[in-house]
$ cat entry34.txt   # compact mmCIF, C-alpha atoms
# COMPACT_ATOMS: atom_id res chain seq x y z
CA MET A 943 73.41 103.60 41.26
CA ALA A 944 69.62 103.98 41.35
CA GLY A 945 69.44 102.88 37.74
CA GLU A 946 71.44 99.74 38.51
CA THR A 947 69.11 98.91 41.43
CA LYS A 948 66.00 99.29 39.26
CA SER A 949 67.59 97.20 36.53
CA SER A 950 68.45 94.45 39.01
CA ALA A 951 64.94 94.46 40.48
CA ALA A 952 63.37 94.36 37.01
CA LYS A 953 65.60 91.45 36.02
CA GLU A 954 64.66 89.55 39.18
CA ALA A 955 60.94 90.16 38.56
CA GLN A 956 61.31 89.01 34.96
CA ASN A 957 63.04 85.81 35.99
CA GLY A 958 60.19 85.00 38.38
CA PRO A 959 60.31 82.79 41.48
CA LYS A 960 63.27 80.50 41.98
CA LEU A 961 63.49 77.39 44.13
CA PRO A 962 66.40 77.36 46.57
CA GLN A 963 69.14 74.78 46.04
CA LYS A 964 69.46 72.42 48.96
CA ARG A 965 73.23 72.08 48.73
CA TYR A 966 73.61 75.68 49.96
CA PHE A 967 71.54 75.02 53.09
CA ARG A 968 73.11 71.87 54.50
CA GLN A 969 73.62 71.82 58.26
CA ARG A 970 74.74 69.16 60.71
CA ALA A 971 71.84 67.21 62.15
CA HIS A 972 72.71 67.56 65.83
CA VAL A 973 71.69 70.66 67.77
CA ASN A 974 71.79 70.77 71.57
CA ILE A 975 68.15 71.37 72.50
CA PHE A 976 69.14 72.19 76.09
CA ASN A 977 71.18 75.24 75.08
CA ASP A 978 69.66 78.68 75.57
CA ILE A 979 69.24 79.46 71.88
CA PRO A 980 67.83 82.96 71.20
CA LEU A 981 64.41 82.27 69.68
CA GLU A 982 61.23 84.29 69.28
CA TYR A 983 58.15 82.75 70.86
CA PRO A 984 54.85 84.04 72.24
CA VAL A 985 54.03 84.03 75.93
CA HIS A 986 50.59 82.63 75.00
CA PRO A 987 49.30 81.05 71.75
CA SER A 988 46.87 83.95 71.27
CA GLU A 989 49.83 86.32 70.91
CA GLU A 990 51.39 84.54 67.92
CA ASP A 991 51.06 86.51 64.66
CA TRP A 992 50.24 83.82 62.10
CA SER A 993 49.64 86.35 59.32
CA LYS A 994 53.37 86.38 58.55
CA LEU A 995 53.26 82.65 57.78
CA TYR A 996 49.77 82.38 56.25
CA PRO A 997 48.97 85.72 54.54
CA ALA A 998 46.07 84.13 52.63
CA TYR A 999 44.35 83.09 55.86
CA PHE A 1000 45.07 85.82 58.41
CA ARG A 1001 44.94 89.59 58.30
CA SER A 1002 48.16 91.34 59.14
CA THR A 1003 48.30 92.68 62.68
CA ASP A 1004 49.99 95.79 61.22
CA GLY A 1005 46.72 96.70 59.57
CA GLY A 1006 48.41 97.73 56.33
CA GLN A 1007 46.12 98.14 53.32
CA GLU A 1008 48.41 96.11 51.07
CA GLU A 1009 48.37 93.09 53.41
CA GLN A 1010 44.60 93.34 53.95
CA ALA A 1011 43.98 93.49 50.22
CA ALA A 1012 46.03 90.33 49.74
CA VAL A 1013 43.63 88.40 51.96
CA GLU A 1014 40.60 89.69 50.10
CA THR A 1015 41.97 88.84 46.64
CA LYS A 1016 39.90 86.06 45.06
CA ARG A 1017 41.85 83.13 43.62
CA PRO A 1018 40.82 79.71 42.32
CA MET A 1019 42.03 77.71 45.31
CA SER A 1020 40.88 74.46 43.68
CA PRO A 1021 39.32 73.10 40.46
CA THR A 1022 35.65 73.92 39.97
CA SER A 1023 34.80 71.01 37.67
CA ALA A 1024 33.04 68.07 39.27
CA ASP A 1025 35.18 65.80 37.10
CA ASP A 1026 38.40 66.82 38.84
CA GLN A 1027 39.28 64.03 41.26
CA VAL A 1028 41.32 66.20 43.65
CA PRO A 1029 40.49 67.71 47.05
CA GLN A 1030 38.42 70.88 46.91
CA ALA A 1031 39.97 73.88 48.64
CA LYS A 1032 38.44 77.05 49.98
CA ARG A 1033 40.07 80.21 51.26
CA GLY A 1034 40.52 80.58 54.97
CA PRO A 1035 38.47 83.27 56.68
CA GLY A 1036 41.22 85.78 57.47
CA ASN A 1037 38.59 87.82 59.28
CA SER A 1038 39.08 88.91 62.86
CA ASP A 1039 35.35 89.61 63.21
CA MET A 1040 34.47 85.92 62.92
CA SER A 1041 33.78 83.78 65.97
CA ALA A 1042 36.69 81.78 67.38
CA ASP A 1043 35.29 78.43 66.24
CA LYS A 1044 35.28 79.62 62.62
CA MET A 1045 38.71 81.20 62.62
CA ALA A 1046 41.51 79.52 60.71
CA GLN A 1047 44.05 77.80 62.95
CA VAL A 1048 47.00 75.47 62.53
CA GLU A 1049 45.93 71.82 62.84
CA PHE A 1050 48.96 69.80 61.66
CA ALA A 1051 52.44 70.09 63.18
CA ASP A 1052 55.51 68.43 61.64
CA ILE A 1053 58.03 68.36 64.48
CA GLY A 1054 61.58 68.35 63.17
CA CYS A 1055 60.28 68.96 59.65
CA GLY A 1056 63.69 69.05 57.96
CA TYR A 1057 63.54 70.28 54.37
CA GLY A 1058 59.74 70.09 54.18
CA GLY A 1059 59.07 67.08 51.99
CA LEU A 1060 56.10 66.00 54.09
CA LEU A 1061 54.51 69.46 54.14
CA VAL A 1062 54.77 69.88 50.38
CA ALA A 1063 53.22 66.44 49.84
CA LEU A 1064 50.38 66.98 52.33
CA ALA A 1065 49.51 70.54 51.26
CA PRO A 1066 47.32 69.63 48.25
CA LEU A 1067 45.87 66.55 49.98
CA TYR A 1068 44.52 68.72 52.80
CA PRO A 1069 44.08 72.10 51.08
CA ASN A 1070 41.78 73.49 53.79
CA THR A 1071 44.10 72.56 56.67
CA LEU A 1072 46.87 74.80 57.95
CA MET A 1073 50.05 72.91 58.76
CA VAL A 1074 53.34 74.11 60.17
CA GLY A 1075 56.83 72.65 60.06
CA MET A 1076 58.85 73.19 63.23
CA GLU A 1077 62.62 72.92 62.98
CA ILE A 1078 65.52 74.08 65.16
CA ARG A 1079 68.27 74.27 62.50
CA THR A 1080 68.62 77.79 61.11
CA LYS A 1081 69.76 76.98 57.57
CA VAL A 1082 67.15 74.26 57.14
CA VAL A 1083 64.32 76.59 58.18
CA ASP A 1084 65.67 79.27 55.84
CA TYR A 1085 65.64 76.77 52.97
CA LEU A 1086 62.10 75.62 53.64
CA GLN A 1087 60.73 79.14 54.00
CA ARG A 1088 62.32 80.12 50.70
CA ARG A 1089 60.98 76.95 49.12
CA ILE A 1090 57.42 77.72 50.21
CA VAL A 1091 57.64 81.32 49.01
CA ALA A 1092 58.88 80.11 45.62
CA LEU A 1093 56.13 77.50 45.30
CA ARG A 1094 53.50 80.12 46.11
CA GLY A 1095 55.10 82.37 43.52
CA PHE A 1096 54.89 79.69 40.84
CA GLN A 1097 51.24 79.10 41.74
CA ASN A 1098 50.50 82.83 41.55
CA ASP A 1099 52.04 82.98 38.08
CA LEU A 1100 49.97 79.99 36.97
CA VAL A 1101 46.78 81.62 38.29
CA LYS A 1102 47.56 84.79 36.33
CA ARG A 1103 48.13 82.75 33.18
CA LYS A 1104 44.84 80.94 33.72
CA ASP A 1105 43.03 84.24 34.27
CA ALA A 1106 44.55 85.50 31.02
CA GLY A 1107 42.91 82.63 29.14
CA GLU A 1108 45.79 80.16 28.93
CA SER A 1109 45.17 76.46 29.45
CA VAL A 1110 46.70 75.52 32.80
CA GLU A 1111 46.45 72.01 34.16
CA TRP A 1112 45.41 71.08 37.69
CA VAL A 1113 47.50 68.29 39.18
CA ASP A 1114 45.90 64.98 40.09
CA VAL A 1115 47.31 64.83 43.61
CA ARG A 1116 46.89 61.13 44.34
CA SER A 1117 48.22 60.00 40.95
CA LYS A 1118 51.25 62.25 41.41
CA LEU A 1119 51.96 60.74 44.84
CA LYS A 1120 51.74 57.22 43.41
CA GLN A 1121 54.18 58.11 40.63
CA GLU A 1122 56.65 59.52 43.16
CA ILE A 1123 56.44 56.38 45.28
CA ASP A 1124 56.99 54.18 42.22
CA ALA A 1125 60.01 56.31 41.25
CA LEU A 1126 61.75 55.47 44.53
CA SER A 1127 62.69 52.07 43.16
CA LYS A 1128 64.78 53.74 40.46
CA PRO A 1129 68.25 55.30 40.88
CA LEU A 1130 68.17 59.05 41.39
CA ASP A 1131 69.75 61.13 38.63
CA PRO A 1132 72.37 63.33 40.35
CA ASN A 1133 71.44 66.21 38.05
CA THR A 1134 67.88 66.29 39.44
CA GLU A 1135 68.84 66.06 43.10
CA GLU A 1136 67.70 69.58 43.88
CA LEU A 1137 64.39 69.42 42.00
CA HIS A 1138 62.91 65.95 42.30
CA ASP A 1139 60.90 66.68 45.45
CA ASN A 1140 60.33 70.42 45.25
CA GLY A 1141 56.58 70.48 44.55
CA GLU A 1142 54.56 71.63 41.56
CA THR A 1143 55.94 74.50 39.50
CA ASP A 1144 54.02 74.07 36.22
CA ARG A 1145 50.63 72.75 37.37
CA LEU A 1146 48.10 74.20 39.77
CA VAL A 1147 47.52 72.41 43.08
CA PRO A 1148 44.59 72.79 45.50
CA GLY A 1149 45.41 75.43 48.08
CA HIS A 1150 48.42 76.78 46.11
CA TYR A 1151 50.74 75.93 49.06
CA GLU A 1152 49.20 78.81 51.01
CA ASN A 1153 48.36 76.38 53.82
CA ILE A 1154 51.93 75.39 54.75
CA ALA A 1155 54.64 77.31 56.58
CA ALA A 1156 57.82 76.77 58.57
CA MET A 1157 59.22 78.30 61.74
CA ARG A 1158 62.36 77.98 63.83
CA ILE A 1159 61.47 76.63 67.24
CA ASN A 1160 62.77 74.35 69.96
CA CYS A 1161 59.70 72.13 70.35
CA GLN A 1162 61.06 70.52 73.48
CA LYS A 1163 60.87 73.88 75.25
CA TYR A 1164 58.19 76.01 73.64
CA LEU A 1165 55.53 73.80 72.01
CA PRO A 1166 52.65 74.88 74.34
CA ASN A 1167 53.51 78.52 73.67
CA PHE A 1168 52.23 78.14 70.10
CA PHE A 1169 49.20 75.85 70.41
CA ASN A 1170 46.10 75.89 72.57
CA LYS A 1171 44.84 72.83 74.35
CA ALA A 1172 43.34 70.30 71.89
CA GLN A 1173 44.16 72.52 68.89
CA LEU A 1174 46.04 69.99 66.72
CA SER A 1175 44.56 67.02 64.89
CA LYS A 1176 47.85 65.51 63.64
CA ILE A 1177 51.44 65.51 64.89
CA PHE A 1178 54.22 64.09 62.72
CA ILE A 1179 57.54 62.87 64.15
CA LEU A 1180 59.46 61.44 61.21
CA PHE A 1181 63.00 60.05 61.19
CA ALA A 1182 63.94 61.87 64.36
CA ASP A 1183 67.50 62.07 65.70
CA PRO A 1184 68.05 58.70 67.46
CA HIS A 1185 70.54 60.06 70.03
CA PHE A 1186 72.23 56.67 70.34
CA LYS A 1187 74.30 57.37 73.46
CA ARG A 1188 72.49 56.55 76.69
CA ARG A 1189 73.34 59.91 78.23
CA LYS A 1190 71.64 61.55 75.21
CA HIS A 1191 68.35 59.63 75.53
CA LYS A 1192 66.84 62.51 77.49
CA ALA A 1193 67.01 64.57 74.29
CA ARG A 1194 64.85 62.16 72.29
CA ILE A 1195 61.74 63.81 70.87
CA ILE A 1196 59.48 61.11 72.32
CA SER A 1197 59.65 60.79 76.09
CA THR A 1198 57.19 60.74 78.96
CA THR A 1199 57.56 64.49 79.40
CA MET A 1200 57.08 65.29 75.71
CA LEU A 1201 54.13 62.90 75.39
CA ALA A 1202 52.35 64.90 78.09
CA GLU A 1203 52.78 68.03 75.96
CA TYR A 1204 51.66 66.25 72.79
CA ALA A 1205 48.57 65.01 74.63
CA TYR A 1206 47.85 68.58 75.74
CA VAL A 1207 47.95 70.17 72.25
CA LEU A 1208 46.37 67.18 70.45
CA ARG A 1209 42.58 66.93 70.39
CA THR A 1210 40.72 63.74 71.26
CA GLY A 1211 40.86 61.49 68.18
CA GLY A 1212 44.00 63.23 66.93
CA ILE A 1213 46.92 61.14 65.70
CA ILE A 1214 50.66 61.01 66.30
CA TYR A 1215 52.53 59.59 63.30
CA MET A 1216 55.95 58.16 64.14
CA ILE A 1217 58.39 56.57 61.73
CA THR A 1218 62.11 55.78 61.88
CA ASP A 1219 64.68 53.56 60.22
CA VAL A 1220 66.38 52.82 63.57
CA LYS A 1221 64.89 49.77 65.29
CA ASP A 1222 66.24 50.73 68.71
CA LEU A 1223 64.55 54.13 68.50
CA TYR A 1224 61.33 52.53 67.26
CA ASP A 1225 61.29 50.18 70.27
CA TRP A 1226 61.93 53.13 72.60
CA ASN A 1227 59.09 55.17 71.05
CA VAL A 1228 56.60 52.30 71.10
CA LYS A 1229 57.49 51.50 74.71
CA HIS A 1230 56.80 55.06 75.84
CA LEU A 1231 53.66 55.51 73.74
CA ASP A 1232 52.19 52.19 74.89
CA ALA A 1233 52.81 53.17 78.51
CA PHE A 1234 51.24 56.61 78.20
CA PRO A 1235 47.58 56.50 79.30
CA LEU A 1236 46.22 59.00 76.77
CA PHE A 1237 47.38 57.24 73.59
CA GLU A 1238 46.29 53.98 71.98
CA ARG A 1239 47.94 52.34 68.98
CA ILE A 1240 46.06 52.36 65.69
CA PRO A 1241 45.92 48.92 63.99
CA ASP A 1242 47.87 48.62 60.74
CA GLU A 1243 44.69 47.64 58.87
CA GLU A 1244 43.10 50.98 59.77
CA LEU A 1245 46.14 52.90 58.54
CA GLU A 1246 45.68 51.50 55.03
CA ASN A 1247 42.82 53.98 54.51
CA ASP A 1248 44.69 56.99 55.89
CA PRO A 1249 45.77 59.27 52.99
CA ALA A 1250 48.55 60.79 55.10
CA VAL A 1251 50.40 57.50 55.64
CA PRO A 1252 51.96 57.19 52.13
CA CYS A 1253 53.33 60.71 52.54
CA VAL A 1254 54.67 59.89 56.01
CA VAL A 1255 56.47 56.83 54.70
CA ASN A 1256 57.76 58.18 51.39
CA SER A 1257 57.77 61.98 51.10
CA THR A 1258 60.58 63.12 53.41
CA GLU A 1259 64.16 63.44 52.26
CA GLU A 1260 65.24 60.84 54.81
CA GLY A 1261 62.41 58.48 53.85
CA LYS A 1262 63.41 58.61 50.19
CA LYS A 1263 67.03 57.98 51.09
CA VAL A 1264 66.10 54.89 53.11
CA ALA A 1265 63.89 53.60 50.27
CA ARG A 1266 66.63 53.98 47.67
CA ASN A 1267 69.09 52.20 49.96
CA LYS A 1268 66.58 49.35 50.47
CA GLY A 1269 66.50 50.02 54.20
CA ASN A 1270 63.76 49.25 56.72
CA LYS A 1271 61.16 51.74 57.92
CA TYR A 1272 59.30 51.26 61.19
CA LEU A 1273 55.92 53.01 61.41
CA ALA A 1274 53.61 53.33 64.39
CA CYS A 1275 50.60 55.65 64.77
CA TYR A 1276 48.77 56.42 67.98
CA ARG A 1277 45.39 58.02 68.60
CA ARG A 1278 44.76 60.50 71.39
CA ILE A 1279 41.98 59.12 73.57
CA GLU A 1280 39.71 60.94 75.97
CA ASP A 1281 41.09 61.80 79.38
CA PRO A 1282 38.96 59.97 82.02
CA ALA A 1283 39.52 62.89 84.37
CA GLU A 1284 37.74 65.23 81.91
CA GLN A 1285 34.71 63.02 81.26

$ encode --input "entry34.txt" --output "structure tokens"
Amino acid sequence: MAGETKSSAAKEAQNGPKLPQKRYFRQRAHVNIFNDIPLEYPVHPSEEDWSKLYPAYFRSTDGGQEEQAAVETKRPMSPTSADDQVPQAKRGPGNSDMSADKMAQVEFADIGCGYGGLLVALAPLYPNTLMVGMEIRTKVVDYLQRRIVALRGFQNDLVKRKDAGESVEWVDVRSKLKQEIDALSKPLDPNTEELHDNGETDRLVPGHYENIAAMRINCQKYLPNFFNKAQLSKIFILFADPHFKRRKHKARIISTTMLAEYAYVLRTGGIIYMITDVKDLYDWNVKHLDAFPLFERIPDEELENDPAVPCVVNSTEEGKKVARNKGNKYLACYRRIEDPAEQ
């Protein structure tokens, strides 16, 4: 029996990391956010153990030597050549002795992240920024967590090959994104359904996907439990559940109550990105955001220079589906402005 276990483990190690297949993690889109779902959450943001999600940036609270060594391991987080036209990454501190203003912290939150297309697209564009996907569906979170672990595994293998003297290519992030956007006009090959948006497995990317993670959370109940006041710089709400029935409108992710919480965790100058393919939901969201005193709409001309916008529009599973079906997408972005009461 022991021999069989060792043989199985050796075979798994030899095969290397494997990306999960999405068809095994499908789950209905609707979850009642008002139900008392058993979830783990901290009483205060300072009590959250982020080392489980970002081992390259935080020391384990268990204090184990193996986990601490993992943080101290040096890796080429980004290209070193000045000719490489990709963002330059650096390792997060992962040092509890550093002052609070220098400690790594999550800055981007993708609320209702789904299968993680946005996170995977943004990770190499912002290699020094920690971002978390927050999703309530169990199977979907399980898929995304496995996906991230696999992508990190592929990157680790590529780093080892590079250290051994092999020629390993660094991806040109912006060119890759443009190619993916151009590919949306073409029919999707059914045989590549599970792999077309799964991230880089044969080229190095800045940050090595160490800066993204996913957690299961009901954001409409526990968002302030995870983030301090003014901690976030970007919040993404992409293709949210429209909750068409009037009696379900109270469950919409953008409401007066939720905007107050977003304003609390978002720093001054931070941005909420909102996109949907449902015009009625878009009108609802714009109405509430326009009426909220701590947000102002960002002109479309200004958004043209925002590197996150192409990912917002094109990188999610739902966004790609809408593009291939020639549907409409309605985008609106709002900036958090200073609270007059705090001036």

$ residues_around --input "entry34.txt" --residues "stretch 1045-1057 of chain A" --least-positions-apart "6" --cutoff "6 Å" --atoms "all atoms listed in the file" --output "MDAnalysis selection string"
chainID A and resid 1034 1072:1077 1086 1174:1179

$ atom_distance --input "entry34.txt" --atom1 "atom CA of A:Thr1071" --atom2 "atom CA of A:Tyr999"
10.6 Å

$ atom_distance --input "entry34.txt" --atom1 "atom CA of A:Asp1225" --atom2 "atom CA of A:Gly1211"
23.4 Å

$ closest_residue --input "entry34.txt" --among "A:Ala1233, A:Val1083, A:Ile1240, A:Ile1078" --to "A:Ala1202" --atoms "only C-alpha atoms"
A:Ala1233

$ residues_around --input "entry34.txt" --residues "A:Asn1170" --least-positions-apart "3" --cutoff "7 Å" --atoms "all atoms listed in the file" --output "VMD selection string"
chain A and resid 987 1166 1173 1207

$ residues_around --input "entry34.txt" --residues "A:Cys1253" --least-positions-apart "4" --cutoff "8 Å" --atoms "only C-alpha atoms" --output "list in words"
Leu1060, Ala1063, Leu1064, Leu1119, Pro1249, Ser1257 and Thr1258 of chain A

$ write_last_selection --input "entry34.txt" --atoms "C-alpha atoms" --output "compact mmCIF listing (two decimals), keeping the file's coordinate frame"
# COMPACT_ATOMS: atom_id res chain seq x y z
CA LEU A 1060 56.10 66.00 54.09
CA ALA A 1063 53.22 66.44 49.84
CA LEU A 1064 50.38 66.98 52.33
CA LEU A 1119 51.96 60.74 44.84
CA PRO A 1249 45.77 59.27 52.99
CA SER A 1257 57.77 61.98 51.10
CA THR A 1258 60.58 63.12 53.41

$ residues_around --input "entry34.txt" --residues "A:His1150" --least-positions-apart "2" --cutoff "7 Å" --atoms "all atoms listed in the file" --output "list in words"
Met1019, Arg1094, Gln1097, Leu1146, Val1147, Pro1148 and Glu1152 of chain A

$ atom_distance --input "entry34.txt" --atom1 "atom CA of A:Ile1279" --atom2 "atom CA of A:Pro1235"
8.4 Å

$ closest_residue --input "entry34.txt" --among "A:Lys1081, A:Val1254, A:Gly1058, A:Glu1280" --to "A:Ala1172" --atoms "only C-alpha atoms"
A:Glu1280

$ residues_around --input "entry34.txt" --residues "A:Tyr1164" --least-positions-apart "3" --cutoff "12 Å" --atoms "all atoms listed in the file" --output "list in words"
Ile975, Phe976, Asp978, Ile979, Leu981, Glu982, Tyr983, Pro984, Val985, His986, Pro987, Ile1053, Met1076, Glu1077, Ile1078, Arg1158, Ile1159, Asn1160, Cys1161, Asn1167, Phe1168, Phe1169, Met1200, Glu1203, Tyr1204 and Val1207 of chain A

$ closest_residue --input "entry34.txt" --among "A:Asp1219, A:Asn957, A:Asn1098, A:Ala1274" --to "A:Gly1261" --atoms "all atoms listed in the file"
A:Asp1219
